[in-house]
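Asks: Provided below: coords.txt, containing compact mmCIF, C-alpha atoms and all ligand atoms.
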```
# COMPACT_ATOMS: atom_id res chain seq x y z
CA MET A 1 3.78 65.36 66.12
CA GLN A 2 2.09 65.97 62.77
CA THR A 3 3.57 66.92 59.43
CA ILE A 4 1.51 68.73 56.82
CA ARG A 5 2.77 69.35 53.32
CA VAL A 6 2.27 72.58 51.40
CA ALA A 7 2.86 72.23 47.66
CA THR A 8 2.45 75.38 45.56
CA PRO A 9 3.81 76.16 42.09
CA SER A 10 6.66 78.12 43.72
CA ALA A 11 7.60 75.84 46.65
CA ARG A 12 7.07 72.61 48.57
CA TYR A 13 7.59 72.54 52.31
CA ASP A 14 6.46 70.91 55.51
CA VAL A 15 4.62 72.40 58.44
CA LEU A 16 5.38 70.49 61.64
CA THR A 17 3.27 70.80 64.75
CA GLY A 18 3.61 69.12 68.13
CA SER A 19 5.44 69.45 71.43
CA GLY A 20 9.22 69.78 71.83
CA LEU A 21 10.04 71.12 68.35
CA LEU A 22 11.95 74.09 69.72
CA GLU A 23 14.41 71.86 71.57
CA SER A 24 15.45 70.20 68.29
CA LEU A 25 15.15 73.18 65.98
CA ALA A 26 18.68 73.42 64.52
CA PRO A 27 18.87 69.88 63.04
CA ARG A 28 15.30 70.22 61.79
CA ILE A 29 16.12 73.48 60.00
CA GLU A 30 19.28 71.90 58.60
CA LYS A 31 17.19 69.09 57.17
CA ALA A 32 14.67 71.48 55.62
CA ALA A 33 17.21 73.99 54.26
CA GLY A 34 19.79 71.50 52.95
CA ARG A 35 22.58 72.88 55.16
CA LEU A 36 22.95 75.62 57.72
CA PRO A 37 24.63 78.74 56.32
CA ARG A 38 27.42 80.63 58.04
CA ARG A 39 25.13 83.47 59.08
CA ILE A 40 21.68 82.79 60.50
CA PHE A 41 19.43 85.53 61.83
CA VAL A 42 16.52 85.20 64.20
CA LEU A 43 13.92 87.96 64.21
CA THR A 44 11.91 88.05 67.41
CA SER A 45 10.44 90.43 69.98
CA PRO A 46 12.22 91.32 73.25
CA GLU A 47 9.32 89.76 75.21
CA ILE A 48 9.47 86.40 73.42
CA TRP A 49 13.27 86.32 73.53
CA SER A 50 13.34 86.90 77.29
CA LEU A 51 10.99 83.92 77.74
CA TRP A 52 12.33 81.49 75.18
CA ALA A 53 15.91 82.35 74.10
CA GLU A 54 17.51 79.59 76.17
CA THR A 55 15.28 76.86 74.74
CA PHE A 56 15.60 78.31 71.25
CA LEU A 57 19.40 78.43 71.32
CA HIS A 58 19.90 75.02 72.93
CA SER A 59 19.98 72.94 69.73
CA PHE A 60 22.31 75.39 67.94
CA LEU A 61 24.82 75.19 70.78
CA GLU A 62 24.63 71.39 70.67
CA LEU A 63 25.55 71.44 66.96
CA LYS A 64 28.55 73.63 67.90
CA ILE A 65 27.77 76.24 65.24
CA ASP A 66 27.56 80.02 65.63
CA PRO A 67 24.21 80.79 67.27
CA PRO A 68 21.78 82.87 65.21
CA VAL A 69 22.24 86.65 65.40
CA ALA A 70 19.19 88.05 67.18
CA LEU A 71 17.29 90.98 65.62
CA PHE A 72 14.42 92.60 67.47
CA LEU A 73 11.04 94.03 66.57
CA PRO A 74 9.10 95.76 69.35
CA PRO A 75 5.57 94.37 69.74
CA GLY A 76 2.55 95.94 68.09
CA GLU A 77 1.06 96.80 64.71
CA PRO A 78 2.75 100.28 64.63
CA HIS A 79 6.10 98.48 64.09
CA LYS A 80 4.90 96.49 61.07
CA THR A 81 6.34 99.07 58.69
CA MET A 82 8.72 99.66 55.79
CA ALA A 83 10.94 101.54 58.27
CA SER A 84 11.28 98.38 60.38
CA ALA A 85 12.08 96.28 57.30
CA GLU A 86 14.72 98.81 56.24
CA ARG A 87 16.29 98.88 59.70
CA LEU A 88 16.39 95.08 59.90
CA THR A 89 17.93 94.59 56.46
CA ARG A 90 20.59 97.19 57.29
CA GLU A 91 21.35 95.38 60.55
CA MET A 92 21.67 92.14 58.60
CA ILE A 93 24.24 93.71 56.26
CA ARG A 94 26.22 95.13 59.16
CA ALA A 95 26.20 91.72 60.88
CA GLY A 96 27.70 89.98 57.84
CA GLY A 97 24.55 88.79 56.12
CA ASP A 98 24.79 87.79 52.47
CA ARG A 99 22.84 85.89 49.81
CA SER A 100 23.43 82.60 51.55
CA SER A 101 22.01 83.78 54.89
CA LEU A 102 18.89 82.34 56.45
CA LEU A 103 16.32 84.13 58.59
CA ILE A 104 14.16 82.55 61.28
CA ALA A 105 10.98 84.44 62.18
CA PHE A 106 10.36 83.55 65.82
CA GLY A 107 7.24 85.26 67.09
CA GLY A 108 3.62 86.09 66.38
CA GLY A 109 2.06 87.12 63.08
CA ILE A 110 3.71 90.53 63.11
CA VAL A 111 7.23 89.09 63.46
CA GLY A 112 6.36 86.50 60.78
CA ASP A 113 4.99 89.07 58.33
CA VAL A 114 7.86 91.55 58.76
CA GLY A 115 10.54 88.84 58.91
CA GLY A 116 9.19 87.10 55.81
CA PHE A 117 9.00 90.42 54.00
CA ALA A 118 12.58 91.36 54.94
CA ALA A 119 13.71 87.91 53.74
CA SER A 120 11.84 88.37 50.46
CA VAL A 121 13.68 91.60 49.60
CA PHE A 122 17.08 91.17 51.28
CA MET A 123 19.59 90.48 48.45
CA ARG A 124 16.49 89.96 46.25
CA GLY A 125 15.34 87.13 48.47
CA ILE A 126 16.89 84.76 51.00
CA PRO A 127 15.37 81.63 52.54
CA TYR A 128 13.48 81.86 55.81
CA VAL A 129 11.80 79.60 58.31
CA GLN A 130 8.72 80.33 60.39
CA VAL A 131 8.69 79.43 64.08
CA PRO A 132 5.30 80.88 65.12
CA THR A 133 4.68 81.53 68.81
CA THR A 134 1.05 82.69 68.94
CA PHE A 135 -1.92 80.45 68.28
CA LEU A 136 -2.98 82.71 65.42
CA ALA A 137 0.44 82.57 63.80
CA GLN A 138 0.57 78.77 64.17
CA VAL A 139 -2.79 78.09 62.54
CA ASP A 140 -2.82 80.88 59.99
CA SER A 141 -0.21 83.55 59.29
CA SER A 142 2.94 81.36 59.23
CA VAL A 143 1.53 79.15 56.46
CA GLY A 144 1.02 80.27 52.87
CA GLY A 145 3.81 82.73 52.17
CA LYS A 146 1.91 86.03 52.38
CA VAL A 147 4.31 88.48 53.97
CA GLY A 148 4.26 92.25 54.20
CA VAL A 149 4.02 95.50 56.09
CA ASN A 150 1.46 98.25 56.64
CA LEU A 151 1.41 101.76 55.20
CA PRO A 152 -0.16 104.77 56.94
CA GLU A 153 -2.86 104.40 54.25
CA GLY A 154 -3.79 100.86 55.28
CA LYS A 155 -2.87 97.40 56.49
CA ASN A 156 -0.70 94.93 54.55
CA LEU A 157 -0.53 97.24 51.53
CA VAL A 158 3.09 96.38 50.65
CA GLY A 159 4.27 92.80 50.54
CA SER A 160 5.28 89.68 48.66
CA PHE A 161 4.43 86.05 48.24
CA HIS A 162 7.52 84.36 49.67
CA GLN A 163 7.08 80.80 50.92
CA PRO A 164 9.09 79.66 53.95
CA ARG A 165 11.41 76.63 53.77
CA ALA A 166 9.57 75.09 56.71
CA VAL A 167 7.22 75.96 59.56
CA PHE A 168 7.72 74.64 63.10
CA ALA A 169 4.66 75.22 65.27
CA ASP A 170 5.69 74.12 68.77
CA ILE A 171 2.70 73.76 71.08
CA GLY A 172 4.94 74.23 74.15
CA VAL A 173 5.61 77.92 73.39
CA LEU A 174 1.90 78.62 73.69
CA GLY A 175 2.31 78.01 77.44
CA THR A 176 3.33 81.65 78.01
CA LEU A 177 0.66 83.15 75.74
CA SER A 178 -2.08 85.16 77.46
CA ASP A 179 -5.56 83.71 77.62
CA ARG A 180 -6.93 86.56 75.55
CA GLU A 181 -4.40 85.95 72.74
CA LEU A 182 -5.20 82.23 72.78
CA ARG A 183 -8.95 82.80 72.52
CA ALA A 184 -8.48 85.35 69.73
CA GLY A 185 -6.33 82.87 67.81
CA LEU A 186 -8.89 80.12 68.24
CA MET A 187 -11.32 82.26 66.24
CA GLU A 188 -9.19 81.52 63.16
CA SER A 189 -9.72 77.80 63.79
CA ILE A 190 -13.47 78.37 64.05
CA LYS A 191 -13.16 80.17 60.72
CA ALA A 192 -11.32 77.17 59.25
CA GLY A 193 -14.13 74.91 60.43
CA ILE A 194 -16.95 77.08 59.13
CA ILE A 195 -15.51 77.40 55.64
CA ARG A 196 -14.12 73.88 55.15
CA ASP A 197 -14.07 71.44 58.08
CA ARG A 198 -17.22 70.32 59.92
CA GLY A 199 -15.24 67.74 61.92
CA LEU A 200 -13.03 70.48 63.36
CA LEU A 201 -16.12 72.46 64.40
CA ARG A 202 -17.62 69.46 66.13
CA PHE A 203 -14.36 68.84 67.97
CA MET A 204 -14.21 72.48 69.08
CA GLU A 205 -17.78 72.24 70.34
CA GLU A 206 -17.22 69.01 72.24
CA GLN A 207 -13.73 69.69 73.59
CA ALA A 208 -13.94 73.41 74.40
CA GLU A 209 -12.91 72.88 78.00
CA ALA A 210 -9.81 70.82 77.16
CA ILE A 211 -8.83 73.26 74.41
CA LEU A 212 -9.19 76.33 76.62
CA ASP A 213 -7.30 74.50 79.40
CA ARG A 214 -4.48 74.06 76.84
CA ASP A 215 -4.50 70.29 76.89
CA PRO A 216 -1.60 69.54 74.46
CA LYS A 217 -3.42 66.73 72.62
CA ALA A 218 -6.54 68.84 72.12
CA LEU A 219 -4.50 71.83 70.98
CA GLU A 220 -2.49 69.70 68.56
CA ARG A 221 -5.69 68.35 67.02
CA VAL A 222 -7.11 71.85 66.47
CA ILE A 223 -3.83 73.32 65.22
CA ALA A 224 -3.13 70.44 62.83
CA ALA A 225 -6.66 70.51 61.37
CA SER A 226 -6.52 74.29 60.89
CA ILE A 227 -3.11 74.09 59.21
CA ARG A 228 -4.28 71.21 57.02
CA MET A 229 -7.20 73.33 55.81
CA LYS A 230 -4.98 76.32 55.04
CA ALA A 231 -2.25 74.20 53.43
CA ASP A 232 -4.81 72.59 51.14
CA VAL A 233 -6.33 75.91 50.05
CA VAL A 234 -2.95 77.58 49.54
CA SER A 235 -1.65 74.59 47.57
CA ARG A 236 -4.60 74.90 45.19
CA ASP A 237 -4.47 78.69 44.84
CA GLU A 238 -1.17 80.21 45.94
CA ARG A 239 -1.81 83.74 44.65
CA GLU A 240 -5.43 84.18 45.74
CA SER A 241 -6.90 84.20 42.28
CA GLY A 242 -9.99 82.26 43.42
CA LEU A 243 -10.36 79.64 46.14
CA ARG A 244 -7.88 81.29 48.57
CA MET A 245 -10.29 84.20 48.93
CA ILE A 246 -12.51 82.07 51.18
CA LEU A 247 -9.82 82.38 53.86
CA ASN A 248 -11.05 85.95 54.17
CA PHE A 249 -14.32 84.78 55.72
CA GLY A 250 -15.27 87.36 58.37
CA HIS A 251 -12.57 89.74 57.15
CA THR A 252 -14.68 92.30 55.27
CA VAL A 253 -16.34 93.54 58.46
CA GLY A 254 -13.44 92.38 60.70
CA HIS A 255 -10.88 94.56 58.90
CA ALA A 256 -13.35 97.46 58.88
CA LEU A 257 -13.67 97.15 62.67
CA GLU A 258 -9.88 97.18 63.06
CA GLN A 259 -9.63 100.20 60.78
CA VAL A 260 -12.29 102.33 62.49
CA THR A 261 -10.82 101.54 65.91
CA ARG A 262 -7.29 102.27 64.59
CA TYR A 263 -6.04 98.78 65.52
CA LYS A 264 -6.15 99.72 69.20
CA ALA A 265 -9.43 98.42 70.58
CA MET A 266 -9.28 94.72 69.75
CA LEU A 267 -7.06 91.85 68.69
CA HIS A 268 -7.14 90.67 65.07
CA GLY A 269 -8.90 87.41 65.98
CA GLU A 270 -11.53 89.29 68.01
CA ALA A 271 -12.30 91.57 65.07
CA ILE A 272 -12.59 88.55 62.78
CA ALA A 273 -14.95 86.90 65.28
CA TRP A 274 -17.36 89.86 65.09
CA GLY A 275 -16.87 89.93 61.32
CA MET A 276 -17.90 86.26 61.19
CA VAL A 277 -21.09 87.04 63.14
CA ALA A 278 -21.95 89.69 60.52
CA ALA A 279 -21.12 87.33 57.64
CA LEU A 280 -23.22 84.54 59.19
CA SER A 281 -26.21 86.84 59.51
CA LEU A 282 -25.81 87.83 55.87
CA GLY A 283 -25.80 84.13 55.03
CA ARG A 284 -29.02 83.68 57.01
CA ALA A 285 -30.62 86.66 55.23
CA ARG A 286 -29.72 85.16 51.84
CA GLY A 287 -30.90 81.70 52.84
CA THR A 288 -27.49 80.01 52.55
CA LEU A 289 -27.67 79.21 56.28
CA THR A 290 -30.64 77.96 58.30
CA ALA A 291 -31.69 79.61 61.57
CA GLY A 292 -30.44 76.51 63.41
CA GLN A 293 -27.04 76.67 61.70
CA LEU A 294 -26.69 80.38 62.46
CA ASP A 295 -27.51 79.74 66.11
CA ARG A 296 -25.05 76.82 66.35
CA LEU A 297 -22.15 78.74 64.83
CA GLU A 298 -22.78 81.91 66.83
CA THR A 299 -22.94 79.87 70.04
CA LEU A 300 -19.54 78.38 69.22
CA ILE A 301 -18.00 81.82 68.59
CA TYR A 302 -19.29 83.16 71.93
CA LEU A 303 -18.08 80.01 73.69
CA TYR A 304 -14.51 81.01 72.78
CA GLY A 305 -15.13 84.66 73.74
CA PRO A 306 -15.63 87.05 75.42
CA LEU A 307 -15.68 89.38 72.45
CA PRO A 308 -14.95 93.09 72.93
CA ALA A 309 -17.76 95.63 73.21
CA LEU A 310 -18.50 97.64 70.05
CA LYS A 311 -19.44 101.27 70.58
CA LEU A 312 -19.53 102.11 66.91
CA ARG A 313 -21.92 103.29 64.22
CA ALA A 314 -22.99 100.91 61.45
CA ARG A 315 -22.46 103.54 58.79
CA ALA A 316 -18.80 104.09 59.71
CA ILE A 317 -18.15 100.34 59.60
CA VAL A 318 -19.86 99.92 56.23
CA ALA A 319 -17.91 102.89 54.82
CA ALA A 320 -14.64 101.30 55.98
CA THR A 321 -15.40 98.08 54.07
CA ALA A 322 -14.93 100.00 50.82
CA SER A 323 -11.13 99.82 51.15
CA ASP A 324 -11.14 96.00 51.42
CA LYS A 325 -8.21 94.51 49.43
CA LYS A 326 -10.50 91.83 47.96
CA ASN A 327 -12.27 94.57 46.00
CA THR A 328 -10.64 95.09 42.63
CA GLY A 329 -11.74 97.14 39.63
CA GLY A 330 -14.76 98.43 41.55
CA VAL A 331 -16.08 94.91 42.27
CA ARG A 332 -16.94 94.31 45.95
CA ARG A 333 -16.31 90.75 47.10
CA PHE A 334 -17.80 89.08 50.14
CA VAL A 335 -17.22 85.58 51.53
CA LEU A 336 -20.58 83.96 52.30
CA PRO A 337 -21.11 80.81 54.38
CA LEU A 338 -22.81 78.04 52.39
CA GLY A 339 -24.18 75.77 55.08
CA ILE A 340 -21.61 74.43 57.56
CA GLY A 341 -18.14 73.55 56.25
CA ASN A 342 -18.46 75.40 52.96
CA ALA A 343 -18.17 79.00 51.73
CA GLY A 344 -18.15 80.92 48.47
CA VAL A 345 -17.33 84.39 47.17
CA VAL A 346 -20.15 86.64 45.97
CA GLU A 347 -19.89 89.98 44.21
CA ASP A 348 -23.42 91.33 44.52
CA VAL A 349 -23.78 92.21 48.19
CA THR A 350 -25.53 95.58 48.37
CA PRO A 351 -24.63 98.32 50.91
CA SER A 352 -28.04 97.90 52.57
CA GLU A 353 -27.53 94.12 52.99
CA LEU A 354 -24.14 94.83 54.51
CA GLU A 355 -25.61 97.48 56.80
CA ALA A 356 -28.27 95.02 58.01
CA ALA A 357 -25.56 92.44 58.79
CA VAL A 358 -23.49 95.05 60.64
CA ASN A 359 -26.56 96.14 62.63
CA TYR A 360 -27.22 92.50 63.57
CA MET A 361 -23.64 92.26 64.85
CA LEU A 362 -23.93 95.55 66.78
CA ASP A 363 -27.18 94.36 68.39
CA LYS A 364 -25.47 91.15 69.50
CA ALA A 365 -22.58 93.17 70.91
CA LYS A 366 -25.04 95.39 72.80
CA ALA A 367 -26.79 92.36 74.23
CA GLY A 368 -23.38 91.22 75.58
N1 LIG A 401 0.44 86.61 56.54
C1 LIG A 401 -0.76 86.13 56.77
O1 LIG A 401 -1.25 85.25 56.03
C2 LIG A 401 -1.52 86.60 57.96
C3 LIG A 401 -2.71 85.95 58.34
C4 LIG A 401 -3.37 86.38 59.50
C5 LIG A 401 -2.84 87.44 60.24
N2 LIG A 401 -1.69 88.06 59.83
C6 LIG A 401 -1.11 89.17 60.60
O2 LIG A 401 -0.72 88.68 61.87
C7 LIG A 401 -0.67 89.80 62.78
C8 LIG A 401 -1.25 89.37 64.10
O3 LIG A 401 -0.49 88.31 64.61
P1 LIG A 401 -0.65 87.79 66.13
O4 LIG A 401 -2.08 87.67 66.45
O5 LIG A 401 0.23 86.62 66.23
O6 LIG A 401 -0.14 89.03 67.00
P2 LIG A 401 1.30 89.59 67.39
O7 LIG A 401 2.32 89.17 66.42
O8 LIG A 401 1.10 91.04 67.63
O9 LIG A 401 1.60 88.88 68.79
C9 LIG A 401 0.77 89.15 69.88
C10 LIG A 401 1.51 89.46 71.16
O10 LIG A 401 1.87 88.25 71.79
C11 LIG A 401 3.23 88.26 72.19
N3 LIG A 401 3.67 86.86 72.10
C12 LIG A 401 3.86 86.16 71.00
N4 LIG A 401 4.14 84.88 71.30
C13 LIG A 401 4.15 84.79 72.64
C14 LIG A 401 4.37 83.72 73.55
N5 LIG A 401 4.59 82.48 73.12
N6 LIG A 401 4.31 83.99 74.86
C15 LIG A 401 4.05 85.24 75.31
N7 LIG A 401 3.81 86.28 74.50
C16 LIG A 401 3.86 86.05 73.18
C17 LIG A 401 3.88 89.19 71.19
O11 LIG A 401 5.10 89.71 71.69
C18 LIG A 401 2.80 90.24 71.01
O12 LIG A 401 2.86 91.19 72.05
C19 LIG A 401 -1.40 90.93 62.12
O13 LIG A 401 -0.46 91.90 61.69
C20 LIG A 401 -2.07 90.28 60.90
O14 LIG A 401 -2.21 91.16 59.82
C21 LIG A 401 -1.03 87.65 58.71
```
Any chance you could give the structure as structure tokens?
Ligand SMILES: NC(=O)c1ccc[n+]([C@@H]2O[C@H](COP(=O)([O-])OP(=O)(O)OC[C@H]3O[C@@H](n4cnc5c(N)ncnc54)[C@H](O)[C@@H]3O)[C@@H](O)[C@H]2O)c1

Replies:
Amino acid sequence: MQTIRVATPSARYDVLTGSGLLESLAPRIEKAAGRLPRRIFVLTSPEIWSLWAETFLHSFLELKIDPPVALFLPPGEPHKTMASAERLTREMIRAGGDRSSLLIAFGGGIVGDVGGFAASVFMRGIPYVQVPTTFLAQVDSSVGGKVGVNLPEGKNLVGSFHQPRAVFADIGVLGTLSDRELRAGLMESIKAGIIRDRGLLRFMEEQAEAILDRDPKALERVIAASIRMKADVVSRDERESGLRMILNFGHTVGHALEQVTRYKAMLHGEAIAWGMVAALSLGRARGTLTAGQLDRLETLIYLYGPLPALKLRARAIVAATASDKKNTGGVRRFVLPLGIGNAGVVEDVTPSELEAAVNYMLDKAKAG
């Protein structure tokens, strides 16, 4: 079990990762929240609840308190909406929720983002706890307090910064996750390594077999290192005014890929993986990465693949990067790798440089 502290100007909380956390959830939440309120809600998806409800509820029954009221969000990006947040907050009112209530987001990144957002606006903000169940949510989305929903005009366009009271990343729940989801989530750990942690990269190179076989010790090492990286960055720059932007490594092209394929063709982590290949090639073109470093990092990304095929045109992808949220006041920002374990934000990437990087990525995808 590992405990990692997040300390931002607005909140201090612990992220716990290890095996068996779910079985002892209620007393752990009580410790983090001060006391358990009369009404606790758990937002989850029907799929996760059917697999894990019994384990989840066990510790609440032992404490002899009312079990959390379950609220459901169907799976998939189309449900990450204002309409879902409205429905959930209305259900909370009807089930006796008030200012003292607590919400537990028990699911992947979508449940975490919508649950955190609903908690941030319900009664002008109630406390919530993240219990992430996908690899991606454990190493990335549950930490840092960015919560929100999509609009028809784009992804994550409405949201808040609302830090959780605690995060419990139980490695055991990953046992029912599909192999494809696991591999996609691991791309976020590769990202963490490229931008800030060479040791993590080396471990992922050397222990790929154990990690992909879901060896609990190997997974815990990768998850804890990834969380530590994110916790450190978020603690230094909660509101993404500078340093936190490096967490968007691979996202300029990754988000563009998701947008042009309407979020249907690939998982978030897979899109980010291709986006990282494009960003690495841009780094090579600018001389911030050697040919050897580019080769090493690309090899690692493909090791945790396969990545989806890309039957797309470079121009459409480049055009879609224009709506990147990092761009403000007409300035286009791009996260560039600076050697291995370091990254920086540049504002002078030209459309033709970006097109060359996208073409490099498309060539790699064609080569399979
Ligand atoms: N807030 C942030 O900082 C942040 C960061 C990165 C990504 N995100 C967001 O996260 C979302 C993606 O999250 P995700 O990759 O976790 O996908 P997801 O939430 O869609 O979950 C993936 C699928 O796995 C299923 N699932 C979840 N846990 C399971 C388990 N233990 N066993 C079996 N099935 C399980 C879910 O029901 C779902 O069908 C995107 O909306 C993205 O924008 C947010």

Asks: Take the point (-23.8, 100.4, 63.9) in the file's coordinates, draw a sphere of radius 10 Å around it, and report as a ChimeraX atom specification every protein, DNA or RNA residue with an atom inside or on it, counting all atoms listed in the file.

Replies: /A:310-318,355-363

Asks: Identify, on the basis of only C-alpha atoms, every residue whose closest approach to stretch 98-115 of chain A does not exceed 6 Å; exclude the query and any residue fewer than 5 positions from it along the same chain; express the result as a compact mmCIF listing (two decimals) with C-alpha atoms, keeping the file's coordinate frame.

Replies:
```txt
# COMPACT_ATOMS: atom_id res chain seq x y z
CA PRO A 37 24.63 78.74 56.32
CA ARG A 39 25.13 83.47 59.08
CA ILE A 40 21.68 82.79 60.50
CA PHE A 41 19.43 85.53 61.83
CA VAL A 42 16.52 85.20 64.20
CA LEU A 43 13.92 87.96 64.21
CA THR A 44 11.91 88.05 67.41
CA MET A 123 19.59 90.48 48.45
CA PRO A 127 15.37 81.63 52.54
CA TYR A 128 13.48 81.86 55.81
CA VAL A 129 11.80 79.60 58.31
CA GLN A 130 8.72 80.33 60.39
CA VAL A 131 8.69 79.43 64.08
CA PRO A 132 5.30 80.88 65.12
CA THR A 133 4.68 81.53 68.81
CA THR A 134 1.05 82.69 68.94
CA ALA A 137 0.44 82.57 63.80
CA SER A 141 -0.21 83.55 59.29
CA VAL A 147 4.31 88.48 53.97
CA GLY A 148 4.26 92.25 54.20
```

Asks: List the neighbours of A:Ala285 out to 12 Å using only C-alpha atoms; skip same-chain residues closer than 6 positions along the sequence, and give me the result as a JSON list (two decimals) with C-alpha atoms, in the coordinates of the input.

Replies:
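Output saved as selection_23.json:
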```json
[["chain", "number", "residue", "atom", "x", "y", "z"],
["A", 278, "ALA", "CA", -21.95, 89.69, 60.52],
["A", 279, "ALA", "CA", -21.12, 87.33, 57.64],
["A", 291, "ALA", "CA", -31.69, 79.61, 61.57],
["A", 294, "LEU", "CA", -26.69, 80.38, 62.46],
["A", 336, "LEU", "CA", -20.58, 83.96, 52.30],
["A", 337, "PRO", "CA", -21.11, 80.81, 54.38],
["A", 338, "LEU", "CA", -22.81, 78.04, 52.39],
["A", 349, "VAL", "CA", -23.78, 92.21, 48.19],
["A", 352, "SER", "CA", -28.04, 97.90, 52.57],
["A", 353, "GLU", "CA", -27.53, 94.12, 52.99],
["A", 354, "LEU", "CA", -24.14, 94.83, 54.51],
["A", 356, "ALA", "CA", -28.27, 95.02, 58.01],
["A", 357, "ALA", "CA", -25.56, 92.44, 58.79],
["A", 360, "TYR", "CA", -27.22, 92.50, 63.57]]
```

Asks: Build an axis-aligned box that encloses every atom of ligand LIG 401 (chain A) listed in the file, pad it by 4 Å on each side, and report its centre and edge lengths in Å to one decimal, as JSON.

Replies:
```
{"center_x": 0.9, "center_y": 87.2, "center_z": 65.7, "size_x": 16.5, "size_y": 17.4, "size_z": 27.3}
```

Asks: Nearest to A:Ala218: which of A:Asp140, A:Leu21, A:Met204, A:Ala231 is it, counting all atoms listed in the file?

Replies: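 The shortest atom-to-atom distance to A:Ala218 comes from A:Met204.
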
Asks: For each of A:Gly154, A:Gly97, A:Gly250, A:Gly275, take the minimum atom-to-atom distance to A:Glu77, counting only C-alpha atoms, then give the residue where this is smallest.

Replies: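 Among the listed residues, A:Gly154 lies closest to A:Glu77.
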
Asks: Can you pull out the residues contacting A:Met266? Cut-off 10 Å, using all atoms listed in the file, and skip same-chain residues under 2 positions away; I want them as a short mmCIF file (atom, residue, chain, number, x, y, z; two decimals) with C-alpha atoms, in the coordinates of the input.

Replies:
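As written to disk, selection-v9.cif reads:
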```
data_model
loop_
_atom_site.label_atom_id
_atom_site.label_comp_id
_atom_site.auth_asym_id
_atom_site.auth_seq_id
_atom_site.Cartn_x
_atom_site.Cartn_y
_atom_site.Cartn_z
CA ALA A 184 -8.48 85.35 69.73
CA LEU A 257 -13.67 97.15 62.67
CA GLU A 258 -9.88 97.18 63.06
CA THR A 261 -10.82 101.54 65.91
CA ARG A 262 -7.29 102.27 64.59
CA TYR A 263 -6.04 98.78 65.52
CA LYS A 264 -6.15 99.72 69.20
CA HIS A 268 -7.14 90.67 65.07
CA GLY A 269 -8.90 87.41 65.98
CA GLU A 270 -11.53 89.29 68.01
CA ALA A 271 -12.30 91.57 65.07
CA ILE A 272 -12.59 88.55 62.78
CA LEU A 307 -15.68 89.38 72.45
CA PRO A 308 -14.95 93.09 72.93
CA ALA A 309 -17.76 95.63 73.21
CA LEU A 310 -18.50 97.64 70.05
#
```

Asks: Between A:Lys230, A:Arg165, A:Arg28, A:Lys217, which is the closest to ligand LIG 401 (chain A) once you count only C-alpha atoms and all ligand atoms?

Replies: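 The closest residue to ligand LIG 401 (chain A) is A:Lys230.
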
Asks: Can you tell me how far atom CA of A:Arg180 sits from atom CA of A:Glu23, in Å to one decimal?

Replies: 26.2 Å

Asks: Given the choices A:Pro164, A:Pro27, A:Gly185, A:Gly18, which gets closest to ligand LIG 401 (chain A) if the distance is worked out from only C-alpha atoms and all ligand atoms?

Replies: A:Gly185

Asks: Residues within 9 Å of A:Asn150, please, as a PyMOL selection string. Count all atoms listed in the file; anything in the same chain fewer than 2 positions from it doesn't count.

Replies: chain A and resi 77-82+148+152-159

Asks: Pick out the closest residue to ligand LIG 401 (chain A) from this set: A:Glu30, A:Asp348, A:Asp295, A:Asp170. Count all atoms listed in the file.

Replies: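 Nearest to ligand LIG 401 (chain A): A:Asp170.
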
Asks: Distance atom C6 of ligand LIG 401 (chain A)-atom CA of A:Gly341, one decimal place?

Replies: 23.5 Å
